[in-house]
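query.cif (mmCIF, C-alpha atoms) appears below.
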data_target
#
loop_
_atom_site.group_PDB
_atom_site.id
_atom_site.type_symbol
_atom_site.label_atom_id
_atom_site.label_comp_id
_atom_site.auth_asym_id
_atom_site.auth_seq_id
_atom_site.Cartn_x
_atom_site.Cartn_y
_atom_site.Cartn_z
ATOM 1 C CA MET A 1 -23.737 -12.230 -6.223
ATOM 2 C CA GLN A 2 -23.247 -8.902 -4.470
ATOM 3 C CA ILE A 3 -19.950 -7.680 -3.056
ATOM 4 C CA LEU A 4 -20.070 -6.396 0.521
ATOM 5 C CA ASP A 5 -18.012 -3.251 0.044
ATOM 6 C CA GLY A 6 -16.214 -2.470 3.290
ATOM 7 C CA ASN A 7 -14.745 0.745 1.892
ATOM 8 C CA LEU A 8 -18.234 2.071 1.104
ATOM 9 C CA VAL A 9 -19.767 1.142 4.484
ATOM 10 C CA SER A 10 -16.696 2.352 6.366
ATOM 11 C CA LYS A 11 -16.914 5.725 4.616
ATOM 12 C CA ALA A 12 -20.605 6.035 5.523
ATOM 13 C CA THR A 13 -19.730 5.284 9.173
ATOM 14 C CA ARG A 14 -16.837 7.757 9.188
ATOM 15 C CA ASP A 15 -18.960 10.472 7.559
ATOM 16 C CA GLU A 16 -21.619 9.987 10.234
ATOM 17 C CA LEU A 17 -18.992 10.327 12.987
ATOM 18 C CA LYS A 18 -17.481 13.377 11.281
ATOM 19 C CA ILE A 19 -20.851 15.158 11.498
ATOM 20 C CA LYS A 20 -21.168 14.242 15.193
ATOM 21 C CA VAL A 21 -17.662 15.545 15.943
ATOM 22 C CA ALA A 22 -18.361 18.807 14.096
ATOM 23 C CA GLN A 23 -21.434 19.198 16.306
ATOM 24 C CA LEU A 24 -19.323 18.649 19.450
ATOM 25 C CA VAL A 25 -16.873 21.306 18.277
ATOM 26 C CA ALA A 26 -19.700 23.742 17.501
ATOM 27 C CA GLU A 27 -21.056 23.233 21.025
ATOM 28 C CA GLY A 28 -17.590 23.696 22.568
ATOM 29 C CA ARG A 29 -17.547 20.157 23.911
ATOM 30 C CA LYS A 30 -14.707 17.664 24.099
ATOM 31 C CA VAL A 31 -13.820 15.690 20.976
ATOM 32 C CA PRO A 32 -12.749 12.019 21.233
ATOM 33 C CA HIS A 33 -9.051 11.327 21.836
ATOM 34 C CA LEU A 34 -7.539 7.943 20.930
ATOM 35 C CA ALA A 35 -4.111 6.850 22.166
ATOM 36 C CA ALA A 36 -2.306 4.015 20.377
ATOM 37 C CA ILE A 37 0.799 2.217 21.609
ATOM 38 C CA LEU A 38 3.031 0.549 19.025
ATOM 39 C CA VAL A 39 5.794 -1.722 20.343
ATOM 40 C CA GLY A 40 8.567 -2.492 17.849
ATOM 41 C CA SER A 41 8.421 -2.008 14.075
ATOM 42 C CA ASN A 42 6.311 -4.866 12.692
ATOM 43 C CA GLY A 43 5.400 -3.879 9.107
ATOM 44 C CA ALA A 44 1.742 -4.914 9.280
ATOM 45 C CA SER A 45 1.312 -3.267 12.700
ATOM 46 C CA GLU A 46 2.856 -0.030 11.375
ATOM 47 C CA THR A 47 0.304 -0.044 8.546
ATOM 48 C CA TYR A 48 -2.666 -0.736 10.834
ATOM 49 C CA VAL A 49 -1.712 1.921 13.377
ATOM 50 C CA GLY A 50 -0.980 4.420 10.602
ATOM 51 C CA SER A 51 -4.484 3.857 9.196
ATOM 52 C CA LYS A 52 -6.047 4.361 12.626
ATOM 53 C CA VAL A 53 -4.188 7.644 13.214
ATOM 54 C CA LYS A 54 -5.067 8.885 9.712
ATOM 55 C CA THR A 55 -8.751 8.029 10.241
ATOM 56 C CA CYS A 56 -8.771 9.933 13.545
ATOM 57 C CA GLU A 57 -7.478 13.029 11.727
ATOM 58 C CA GLU A 58 -10.057 12.624 8.963
ATOM 59 C CA ILE A 59 -12.987 12.413 11.399
ATOM 60 C CA GLY A 60 -11.707 15.167 13.674
ATOM 61 C CA TYR A 61 -10.574 13.104 16.664
ATOM 62 C CA LYS A 62 -7.402 13.838 18.560
ATOM 63 C CA SER A 63 -4.859 11.020 18.425
ATOM 64 C CA THR A 64 -1.631 10.195 20.209
ATOM 65 C CA LEU A 65 0.791 7.577 18.888
ATOM 66 C CA ILE A 66 3.319 6.235 21.384
ATOM 67 C CA ARG A 67 6.191 4.284 19.826
ATOM 68 C CA LEU A 68 8.177 1.992 22.090
ATOM 69 C CA GLU A 69 11.257 -0.118 21.411
ATOM 70 C CA GLU A 70 10.748 -3.845 20.885
ATOM 71 C CA THR A 71 13.089 -4.470 23.826
ATOM 72 C CA ILE A 72 10.986 -2.461 26.286
ATOM 73 C CA SER A 73 10.289 -4.293 29.528
ATOM 74 C CA GLU A 74 6.794 -5.441 30.378
ATOM 75 C CA PHE A 75 6.879 -3.235 33.484
ATOM 76 C CA LYS A 76 7.657 -0.096 31.455
ATOM 77 C CA LEU A 77 4.866 -0.865 28.990
ATOM 78 C CA LEU A 78 2.391 -1.355 31.844
ATOM 79 C CA THR A 79 3.589 1.953 33.332
ATOM 80 C CA ALA A 80 2.923 3.713 30.011
ATOM 81 C CA ILE A 81 -0.613 2.264 29.968
ATOM 82 C CA GLU A 82 -1.206 3.420 33.548
ATOM 83 C CA GLU A 83 -0.234 6.974 32.570
ATOM 84 C CA LEU A 84 -2.834 6.907 29.786
ATOM 85 C CA ASN A 85 -5.430 5.457 32.174
ATOM 86 C CA ASN A 86 -4.849 8.451 34.448
ATOM 87 C CA ASP A 87 -4.941 11.062 31.673
ATOM 88 C CA PRO A 88 -8.475 12.559 31.663
ATOM 89 C CA ASP A 89 -8.099 13.792 28.075
ATOM 90 C CA ILE A 90 -7.546 10.249 26.707
ATOM 91 C CA ASP A 91 -10.850 8.495 25.933
ATOM 92 C CA GLY A 92 -9.651 5.328 24.218
ATOM 93 C CA ILE A 93 -6.489 3.243 24.519
ATOM 94 C CA LEU A 94 -5.318 0.521 22.176
ATOM 95 C CA VAL A 95 -2.112 -1.484 22.265
ATOM 96 C CA GLN A 96 -1.363 -2.870 18.822
ATOM 97 C CA LEU A 97 -1.000 -6.655 18.806
ATOM 98 C CA PRO A 98 1.021 -8.825 18.405
ATOM 99 C CA LEU A 99 3.431 -7.879 21.175
ATOM 100 C CA PRO A 100 7.018 -9.165 21.564
ATOM 101 C CA LYS A 101 7.185 -12.632 23.131
ATOM 102 C CA HIS A 102 8.593 -11.393 26.456
ATOM 103 C CA ILE A 103 5.419 -9.366 27.109
ATOM 104 C CA SER A 104 2.147 -10.966 28.218
ATOM 105 C CA ASP A 105 -0.815 -9.974 26.020
ATOM 106 C CA GLU A 106 -3.140 -10.861 28.892
ATOM 107 C CA LYS A 107 -1.413 -8.574 31.398
ATOM 108 C CA VAL A 108 -1.397 -5.709 28.922
ATOM 109 C CA ILE A 109 -5.083 -6.088 28.012
ATOM 110 C CA ASN A 110 -6.068 -6.341 31.691
ATOM 111 C CA ALA A 111 -4.031 -3.222 32.512
ATOM 112 C CA ILE A 112 -6.138 -0.979 30.270
ATOM 113 C CA ASP A 113 -8.922 0.870 32.097
ATOM 114 C CA ALA A 114 -12.134 -0.935 31.046
ATOM 115 C CA SER A 115 -13.803 2.445 30.368
ATOM 116 C CA LYS A 116 -11.090 3.172 27.761
ATOM 117 C CA ASP A 117 -10.943 -0.337 26.271
ATOM 118 C CA VAL A 118 -11.948 0.606 22.707
ATOM 119 C CA ASP A 119 -10.501 -2.666 21.348
ATOM 120 C CA GLY A 120 -13.117 -4.545 23.409
ATOM 121 C CA PHE A 121 -10.641 -7.144 24.694
ATOM 122 C CA HIS A 122 -10.813 -6.444 28.455
ATOM 123 C CA PRO A 123 -12.571 -9.165 30.512
ATOM 124 C CA VAL A 124 -15.135 -6.582 31.666
ATOM 125 C CA SER A 125 -16.017 -5.749 28.043
ATOM 126 C CA VAL A 126 -16.149 -9.420 27.072
ATOM 127 C CA GLY A 127 -18.335 -10.290 30.077
ATOM 128 C CA LYS A 128 -20.820 -7.528 29.247
ATOM 129 C CA MET A 129 -20.909 -8.617 25.602
ATOM 130 C CA VAL A 130 -21.724 -12.209 26.632
ATOM 131 C CA GLN A 131 -24.557 -10.915 28.829
ATOM 132 C CA GLY A 132 -25.893 -8.668 26.060
ATOM 133 C CA LEU A 133 -25.141 -5.482 28.007
ATOM 134 C CA PRO A 134 -23.949 -2.229 26.374
ATOM 135 C CA THR A 135 -20.174 -2.338 26.035
ATOM 136 C CA PHE A 136 -17.216 -2.057 23.657
ATOM 137 C CA ILE A 137 -17.384 -4.807 21.024
ATOM 138 C CA PRO A 138 -14.105 -6.117 19.522
ATOM 139 C CA ALA A 139 -13.602 -4.014 16.411
ATOM 140 C CA THR A 140 -13.494 -6.713 13.714
ATOM 141 C CA PRO A 141 -16.677 -8.588 14.745
ATOM 142 C CA HIS A 142 -18.343 -5.225 15.394
ATOM 143 C CA GLY A 143 -17.373 -4.153 11.880
ATOM 144 C CA VAL A 144 -18.867 -7.322 10.394
ATOM 145 C CA MET A 145 -22.159 -6.702 12.217
ATOM 146 C CA LEU A 146 -22.228 -3.086 10.996
ATOM 147 C CA MET A 147 -21.757 -4.358 7.439
ATOM 148 C CA LEU A 148 -24.579 -6.922 7.747
ATOM 149 C CA GLU A 149 -26.788 -4.169 9.148
ATOM 150 C CA HIS A 150 -25.910 -1.722 6.344
ATOM 151 C CA TYR A 151 -26.772 -4.226 3.620
ATOM 152 C CA LYS A 152 -29.936 -5.259 5.497
ATOM 153 C CA ILE A 153 -28.969 -8.933 5.358
ATOM 154 C CA ASP A 154 -31.581 -11.063 7.103
ATOM 155 C CA THR A 155 -29.835 -13.259 9.671
ATOM 156 C CA LYS A 156 -32.783 -14.351 11.833
ATOM 157 C CA GLY A 157 -32.996 -18.139 12.145
ATOM 158 C CA LYS A 158 -30.108 -18.688 9.739
ATOM 159 C CA ASN A 159 -27.362 -21.268 10.220
ATOM 160 C CA ALA A 160 -24.052 -19.457 10.774
ATOM 161 C CA VAL A 161 -20.683 -21.199 10.806
ATOM 162 C CA VAL A 162 -17.593 -19.438 12.178
ATOM 163 C CA ILE A 163 -14.224 -20.988 11.307
ATOM 164 C CA GLY A 164 -11.788 -19.885 14.002
ATOM 165 C CA ARG A 165 -12.110 -19.477 17.779
ATOM 166 C CA SER A 166 -9.779 -16.595 18.648
ATOM 167 C CA ASN A 167 -10.766 -14.140 21.364
ATOM 168 C CA ILE A 168 -10.291 -11.325 18.856
ATOM 169 C CA VAL A 169 -12.658 -12.572 16.135
ATOM 170 C CA GLY A 170 -14.074 -16.112 16.278
ATOM 171 C CA ARG A 171 -15.563 -16.268 19.779
ATOM 172 C CA PRO A 172 -17.043 -12.740 19.846
ATOM 173 C CA MET A 173 -18.380 -13.235 16.304
ATOM 174 C CA SER A 174 -20.268 -16.332 17.454
ATOM 175 C CA ILE A 175 -21.736 -14.472 20.442
ATOM 176 C CA LEU A 176 -22.902 -11.515 18.336
ATOM 177 C CA LEU A 177 -24.462 -13.682 15.621
ATOM 178 C CA SER A 178 -26.386 -15.706 18.215
ATOM 179 C CA ALA A 179 -27.566 -12.657 20.208
ATOM 180 C CA ASN A 180 -31.231 -11.676 20.278
ATOM 181 C CA THR A 181 -30.624 -8.710 17.967
ATOM 182 C CA GLN A 182 -30.813 -7.787 14.284
ATOM 183 C CA PRO A 183 -28.399 -8.688 12.833
ATOM 184 C CA GLY A 184 -28.239 -11.779 15.041
ATOM 185 C CA ASN A 185 -30.601 -14.571 16.083
ATOM 186 C CA CYS A 186 -28.538 -17.128 14.180
ATOM 187 C CA THR A 187 -27.919 -20.740 15.133
ATOM 188 C CA VAL A 188 -24.131 -20.719 15.363
ATOM 189 C CA THR A 189 -21.506 -23.438 14.995
ATOM 190 C CA ILE A 190 -17.842 -22.696 15.788
ATOM 191 C CA CYS A 191 -15.293 -24.779 13.888
ATOM 192 C CA HIS A 192 -11.563 -25.083 14.518
ATOM 193 C CA SER A 193 -8.524 -27.262 13.819
ATOM 194 C CA HIS A 194 -10.021 -30.274 15.632
ATOM 195 C CA THR A 195 -13.446 -30.114 13.976
ATOM 196 C CA LYS A 196 -14.442 -33.297 12.177
ATOM 197 C CA ASN A 197 -16.395 -33.135 8.904
ATOM 198 C CA LEU A 198 -15.507 -29.459 8.507
ATOM 199 C CA LYS A 199 -16.418 -29.389 4.828
ATOM 200 C CA GLU A 200 -19.877 -30.851 5.466
ATOM 201 C CA ILE A 201 -20.565 -28.411 8.336
ATOM 202 C CA CYS A 202 -19.523 -25.389 6.238
ATOM 203 C CA LYS A 203 -21.704 -26.606 3.379
ATOM 204 C CA GLU A 204 -24.764 -26.236 5.647
ATOM 205 C CA ALA A 205 -23.999 -22.582 6.455
ATOM 206 C CA ASP A 206 -26.303 -19.787 5.325
ATOM 207 C CA ILE A 207 -23.659 -17.412 6.711
ATOM 208 C CA LEU A 208 -20.018 -18.493 6.692
ATOM 209 C CA VAL A 209 -17.378 -16.463 8.537
ATOM 210 C CA ALA A 210 -13.781 -17.458 7.785
ATOM 211 C CA ALA A 211 -11.387 -16.214 10.485
ATOM 212 C CA LEU A 212 -8.540 -18.704 10.775
ATOM 213 C CA GLY A 213 -5.644 -16.899 9.066
ATOM 214 C CA ARG A 214 -4.917 -19.527 6.405
ATOM 215 C CA PRO A 215 -4.918 -18.082 2.885
ATOM 216 C CA GLU A 216 -7.526 -19.504 0.475
ATOM 217 C CA PHE A 217 -8.534 -22.245 2.920
ATOM 218 C CA VAL A 218 -12.246 -22.085 2.056
ATOM 219 C CA THR A 219 -12.891 -23.545 -1.385
ATOM 220 C CA ALA A 220 -16.015 -23.852 -3.542
ATOM 221 C CA ASP A 221 -16.802 -27.386 -2.359
ATOM 222 C CA MET A 222 -17.233 -26.035 1.205
ATOM 223 C CA VAL A 223 -19.825 -23.387 0.340
ATOM 224 C CA LYS A 224 -23.569 -23.703 -0.056
ATOM 225 C CA GLU A 225 -25.132 -21.967 -3.039
ATOM 226 C CA GLY A 226 -26.622 -18.622 -2.004
ATOM 227 C CA ALA A 227 -24.542 -18.364 1.188
ATOM 228 C CA VAL A 228 -23.295 -15.097 2.681
ATOM 229 C CA VAL A 229 -19.495 -15.406 2.990
ATOM 230 C CA ILE A 230 -17.522 -13.098 5.286
ATOM 231 C CA ASP A 231 -13.751 -13.342 4.813
ATOM 232 C CA VAL A 232 -11.927 -11.973 7.862
ATOM 233 C CA GLY A 233 -8.489 -13.314 6.928
ATOM 234 C CA ILE A 234 -5.736 -11.229 5.383
ATOM 235 C CA THR A 235 -2.292 -12.710 4.803
ATOM 236 C CA ARG A 236 0.707 -11.454 2.857
ATOM 237 C CA VAL A 237 1.630 -14.114 0.301
ATOM 238 C CA GLU A 238 4.853 -13.904 -1.709
ATOM 239 C CA ASP A 239 4.115 -12.791 -5.271
ATOM 240 C CA THR A 240 6.973 -11.960 -7.635
ATOM 241 C CA THR A 241 4.551 -10.448 -10.175
ATOM 242 C CA LYS A 242 3.770 -7.598 -7.772
ATOM 243 C CA LYS A 243 5.956 -4.546 -7.282
ATOM 244 C CA LYS A 244 5.792 -4.983 -3.493
ATOM 245 C CA GLY A 245 6.738 -8.660 -3.813
ATOM 246 C CA PHE A 246 3.539 -9.905 -2.149
ATOM 247 C CA SER A 247 -0.222 -10.208 -2.606
ATOM 248 C CA LEU A 248 -2.908 -9.961 0.064
ATOM 249 C CA LYS A 249 -5.006 -13.113 0.294
ATOM 250 C CA GLY A 250 -8.069 -13.848 2.372
ATOM 251 C CA ASP A 251 -9.090 -17.133 3.967
ATOM 252 C CA VAL A 252 -11.504 -17.722 1.060
ATOM 253 C CA LYS A 253 -10.524 -18.733 -2.469
ATOM 254 C CA TYR A 254 -12.440 -15.785 -3.820
ATOM 255 C CA ASP A 255 -12.498 -16.482 -7.571
ATOM 256 C CA GLU A 256 -14.091 -19.909 -7.208
ATOM 257 C CA VAL A 257 -16.305 -19.183 -4.166
ATOM 258 C CA ALA A 258 -17.759 -15.809 -5.211
ATOM 259 C CA PRO A 259 -20.012 -17.134 -8.030
ATOM 260 C CA LEU A 260 -21.821 -19.360 -5.501
ATOM 261 C CA CYS A 261 -22.598 -16.586 -3.011
ATOM 262 C CA SER A 262 -25.477 -14.208 -2.503
ATOM 263 C CA TYR A 263 -23.045 -11.838 -0.768
ATOM 264 C CA ILE A 264 -19.265 -11.973 -0.246
ATOM 265 C CA THR A 265 -16.569 -9.685 1.177
ATOM 266 C CA PRO A 266 -13.444 -9.094 -0.936
ATOM 267 C CA VAL A 267 -9.868 -9.024 0.391
ATOM 268 C CA PRO A 268 -8.680 -6.332 0.592
ATOM 269 C CA GLY A 269 -11.572 -3.866 0.814
ATOM 270 C CA GLY A 270 -14.018 -5.952 2.848
ATOM 271 C CA VAL A 271 -13.740 -6.498 6.588
ATOM 272 C CA GLY A 272 -10.464 -4.549 6.991
ATOM 273 C CA PRO A 273 -11.891 -1.026 6.571
ATOM 274 C CA MET A 274 -14.840 -1.976 8.793
ATOM 275 C CA THR A 275 -12.500 -2.879 11.662
ATOM 276 C CA ILE A 276 -11.178 0.690 11.753
ATOM 277 C CA ALA A 277 -14.685 2.160 11.384
ATOM 278 C CA ALA A 278 -15.887 0.089 14.358
ATOM 279 C CA LEU A 279 -12.880 1.189 16.422
ATOM 280 C CA MET A 280 -13.816 4.813 15.698
ATOM 281 C CA LYS A 281 -17.401 4.145 16.846
ATOM 282 C CA ASN A 282 -16.068 2.616 20.071
ATOM 283 C CA THR A 283 -13.841 5.657 20.645
ATOM 284 C CA PHE A 284 -16.768 8.035 20.169
ATOM 285 C CA ARG A 285 -18.781 5.979 22.644
ATOM 286 C CA ALA A 286 -15.943 6.096 25.199
ATOM 287 C CA CYS A 287 -15.874 9.873 24.967
ATOM 288 C CA GLN A 288 -19.667 10.203 25.247
ATOM 289 C CA ASP A 289 -19.824 7.843 28.234
ATOM 290 C CA LYS A 290 -17.469 10.134 30.164
ATOM 291 C CA ASN A 291 -19.135 13.424 29.282
#
What does this structure look like when you write it as structure tokens?
Amino acid sequence: MQILDGNLVSKATRDELKIKVAQLVAEGRKVPHLAAILVGSNGASETYVGSKVKTCEEIGYKSTLIRLEETISEFKLLTAIEELNNDPDIDGILVQLPLPKHISDEKVINAIDASKDVDGFHPVSVGKMVQGLPTFIPATPHGVMLMLEHYKIDTKGKNAVVIGRSNIVGRPMSILLSANTQPGNCTVTICHSHTKNLKEICKEADILVAALGRPEFVTADMVKEGAVVIDVGITRVEDTTKKKGFSLKGDVKYDEVAPLCSYITPVPGGVGPMTIAALMKNTFRACQDKN
């Protein structure tokens, strides 16, 4: 069993981007500029956005963090996005999800200029991805593909099972794994809450991607020996033995599943760091596309 180390691959990706940015600076060219909007003070969102801003600084990108009150109107948020759309110095825009219930995720995502959609959620980006055209790929699935590529995991002709059908992870993951690329060329099954015989389907998977947000849902009796297991889930679970009062758990029961696997991602330290690395790659691309 080999651990797919997201911290290691993420660092390699960031180091590569750092060299490219240094070259841009040396040539007197524009460096990428990422703008992030954070609505409210959700603890997990604060952490994610903080990591993104810190990574921008590390690589040499410019970053702008816009904090807005949780009570902000949808109209004012859309106005803030429009200002960023019209700012020629901003290359990438992300609005940290989830948003307060009175604001439509769909309207917000659609309001972002597709050429600055570094999260890869805009319908234009999604449509291009489905057609196999160059575009921004949603950061988490993109990060998973970068990890498979780094470890040279052979995916061609393999059976892949994705548990979860969200627009952020499950659906794009299925499209990327089935694409005529390497990694890719898998035969993909998407499972969800209404799937019958879930355990039997998972047991047939050469590559199993767990992205449903239920801690330790995938157990040893659902995993084929020698499978590649990608755990996208990360949930805070109350834990009185920890100083913070919680532990971070993935969707896979790691201790019992890991011995069966050829490769497995840990939580934390697996897919999480790759999500940010992929976002940074998207931001670099947005800047290059404009210049």
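Here the residues that fall within 6 Å of (-14.1, 2.2, 24.2), using all atoms listed in the file, are given as Gly92, Lys116, Asp117, Val118, Phe136, Asn282, Thr283 and Ala286 of chain A.
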**OP:** Report as an MDAnalysis selection string the residues that result from applying the PyMOL selection byres ((chain A and resi 57) around 12) to the structure here.
**Re:** chainID A and resid 14 17:18 21 31:34 50:56 58:64 280
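Under the PyMOL selection byres ((chain A and resi 156) around 12), the matching residues in the shown file are Leu148, Lys152, Ile153, Asp154, Thr155, Gly157, Lys158, Asn159, Ala160, Leu177, Ser178, Ala179, Asn180, Thr181, Gln182, Pro183, Gly184, Asn185, Cys186, Thr187, Val188, Asp206 and Ile207 of chain A.
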**OP:** For the structure shown, which residues end up in the PyMOL selection byres ((chain A and resi 144) around 12)? Put them as an MDAnalysis selection string, please?
**Re:** chainID A and resid 4:6 9:10 137:143 145:151 153 169:170 172:174 176:177 183:184 207:211 228:232 264:265 270:278
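From atom CA of A:Leu65 back to atom CA of A:Thr135, the distance works out to 24.3 Å.
Take the candidates A:Arg67, A:Lys281, A:Arg214, A:Arg236 and check each one against A:Asp251 using all atoms listed in the file; the shortest distance goes to A:Arg214.
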